[in-house]
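What follows is a single structure, written as structure tokens, with notes after it.
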Amino acid sequence: MLKGKHFLKLLDFTPDEIGYLLNLAAELKDQKKKGISHRLCEGKSIALIFEKDSTRTRCAFEVAGADLGMHPVYLGPSGSQIGKKESIADTARVLGRMFDGIEYRGFGQELVEELAKHAGVPVWNGLTNEFHPTQILADFLTIKEHFGDLKGKKLVYMGDARYNMGNSLMVGCAKMGMHFVACAPKKYFPNDDLIVACQTIAEKTGAILEFIEDPMTATKDAHVIYTDVWVSMGEPKEVWEERIKDLTPYRVTKALMDNAGEQCRFMHCLPAFHDLKTTVGRDIYEKFGIDCMEVTNEVFESEKSIVFDEAENRMHTIKAVMAATL
């Protein structure tokens, strides 16, 4: 169904294709839990290009590749000449001759698109500034596991919705007929052109897209409240003060979860700044006197938090993407 296709952004896929990947992921997850071998890509090799470091994405691709019978080769931020001594196009043509598939995690979406244009093998987006499609598959598999289906479920994204997570969740919700709410100050809403594109999709799928500044209004009756770190990878430290000032009213608290209702679950793509057990968390505490940022520890550690189900599902959904496209 998807053999030979790149996985660059969810805009490129139909609702049926996304549903197929989610069903395949659930099947492969079940097989792994039961200890049933599923080496569907025996003998293949994949290149994992990471211009931005990662825990979940790297581990998910490496374990998923091994489970499928493949040999993953990791190329870290200093592990290749991509974009430095060798162009994206030349790198793609070299790696495409050696590998059966290529993952890219890095900066602009145009880079992974350029890689795909020249590689001659499937290319998978592990994260760019604009989109994070493998994360959304993991999120949607998790929502299906907890609520049974996706159609009509209300997902509220709290905080800075201008970048990869806000963009990708909006696209995914539009595709799957969900109710997406971006809750943030107006200047943190997604790009107008992408909103228009998603509204066009929503007209066909029955999805609802809303952009609301008041947290209590936005979160009422939500099935999922979702957030992410306030400062994205690669942004300068100077933006912390502005983000903390602007986004503290959008922190996910118990009061917000209670406002949503008993059915609501908390999700986060991780890493999360919910306590002082990280270097960044301690630095922020020393400079600004706050002991958490986008979510309180009370919510993060609560029974309504399904962040670790979500993190595990990165592996199962990435495995489905690779198996389907190879």
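Order determines the names: the first chain of the structure tokens is A, the second B, and so forth; residues in each chain are numbered 1 upward, and ligands are numbered 1 upward as they are shown.
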
**OP:** Pick out each residue of stretch 86-306 of chain A that DSSP on the backbone tags as strand (DSSP E); I need them as an MDAnalysis selection string.
**Re:** chainID A and resid 101:105 123:127 154:158 179:183 208:212 224:227 265:268

Each residue of stretch 16-38 of chain A with at least one atom at most 9 Å from stretch 46-68 of chain A should appear once, together with its nearest atom pair and the corresponding distance in Å (one decimal); atoms considered: only C-alpha atoms; ordering: chain, then increasing residue number; output as a Markdown table.
```
| residue | atom | partner | partner_atom | distance |
| --- | --- | --- | --- | --- |
| A:Lys32 | CA | A:Asp67 | CA | 8.5 |
| A:Ser37 | CA | A:Asp67 | CA | 7.7 |
| A:His38 | CA | A:Leu68 | CA | 5.9 |
```

Subject >> Shell of 10 Å around stretch 103-113 of chain A, only C-alpha atoms, local chain residues under 2 positions omitted, as a PyMOL selection string >> reply: chain A and resi 6-9+46-54+57-58+61+72+74-77+83+88-89+92+101+115-118+122-132+164+233-234+322

Give me the residues of stretch 97-151 of chain A that have any atom at most 10 Å from an atom of stretch 176-192 of chain A; for each, the nearest atom pair and the distance in Å, rounded to one decimal. Use only C-alpha atoms, sort by chain and number, and format it as JSON lines.
```
{"residue": "A:Phe140", "atom": "CA", "partner": "A:Met176", "partner_atom": "CA", "distance": 9.4}
{"residue": "A:Asp149", "atom": "CA", "partner": "A:Met176", "partner_atom": "CA", "distance": 9.9}
{"residue": "A:Leu150", "atom": "CA", "partner": "A:Met178", "partner_atom": "CA", "distance": 6.3}
{"residue": "A:Lys151", "atom": "CA", "partner": "A:Gly177", "partner_atom": "CA", "distance": 5.1}
```

Those residues with N, CA and C atoms, as a PDB file, in the first residue's frame please?
```pdb
ATOM      1  N   PHE A 140      -1.528   9.358  18.321  1.00  0.00           N
ATOM      2  CA  PHE A 140      -2.839   8.859  17.901  1.00  0.00           C
ATOM      3  C   PHE A 140      -3.033   7.390  18.283  1.00  0.00           C
ATOM      4  N   ASP A 149     -11.224   5.155  19.694  1.00  0.00           N
ATOM      5  CA  ASP A 149     -11.102   5.662  18.328  1.00  0.00           C
ATOM      6  C   ASP A 149     -10.664   7.124  18.377  1.00  0.00           C
ATOM      7  N   LEU A 150     -10.517   7.725  17.198  1.00  0.00           N
ATOM      8  CA  LEU A 150     -10.051   9.105  17.101  1.00  0.00           C
ATOM      9  C   LEU A 150     -11.162  10.087  16.743  1.00  0.00           C
ATOM     10  N   LYS A 151     -12.101   9.657  15.943  1.00  0.00           N
ATOM     11  CA  LYS A 151     -13.141  10.536  15.407  1.00  0.00           C
ATOM     12  C   LYS A 151     -13.841  11.310  16.520  1.00  0.00           C
TER      13      LYS A 151
END
```

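With distances restricted to only C-alpha atoms, A:Cys269 is the closest residue to A:Gly166 from A:Asp100, A:Pro236, A:Cys269, A:Gln263.
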
Original post:
Do you know which residues are at most 12 Å from A:Met257 counting only C-alpha atoms, after dropping those on the same chain fewer than 4 positions away, and could you put them as an NGL selection string?
Top reply: :A and (156 or 158 or 215-216 or 218-226 or 251-253 or 261-267 or 295-296 or 298-300 or 302-305)

What are the nearest atom pairs, with distances in Å to one decimal, for all residues of stretch 215-250 of chain A that come at most 12 Å from stretch 286-290 of chain A, using only C-alpha atoms, set out by chain and rising residue number as a tab-separated table?
```
residue	atom	partner	partner_atom	distance
A:Lys237	CA	A:Lys287	CA	11.8
A:Glu238	CA	A:Lys287	CA	11.8
A:Trp240	CA	A:Phe288	CA	9.5
A:Glu241	CA	A:Phe288	CA	8.0
A:Glu242	CA	A:Phe288	CA	11.4
A:Arg243	CA	A:Phe288	CA	11.7
A:Ile244	CA	A:Phe288	CA	8.6
A:Lys245	CA	A:Phe288	CA	10.0
A:Thr248	CA	A:Ile290	CA	9.9
```

**OP:** Please report, as an NGL selection string, each residue of stretch 47-157 of chain A to which DSSP assigns alpha helix (DSSP H) when run on this structure's backbone.
**Re:** :A and (56-67 or 88-98 or 109-119 or 133-147)

Subject >> A:Gly69 surroundings by only C-alpha atoms, 6 Å radius, close-in-sequence under 5 positions cut, as a list of chain:residue names >> reply: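 Listed by chain and then number, they are A:Arg39, A:Cys41, A:Glu42.
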
**OP:** Give the answer as one residue: which of A:Arg162, A:Leu256, A:Met1, A:Ser87 has the shortest atom-to-atom distance to A:Leu24, using only C-alpha atoms?
**Re:**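 Of all the options, A:Met1 lies closest to A:Leu24.
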
Original post:
Closest to A:Met293 among A:Val307, A:Leu209, A:Ala255, A:Leu247, using only C-alpha atoms?
Top reply: A:Leu247

Original post:
If we count only C-alpha atoms, what is near stretch 198-202 of chain A at a cut-off of 8 Å, once residues fewer than 6 positions away on the same chain are taken out, given as a ChimeraX atom specification?
Top reply: /A:170-171,174-175,177,208-209
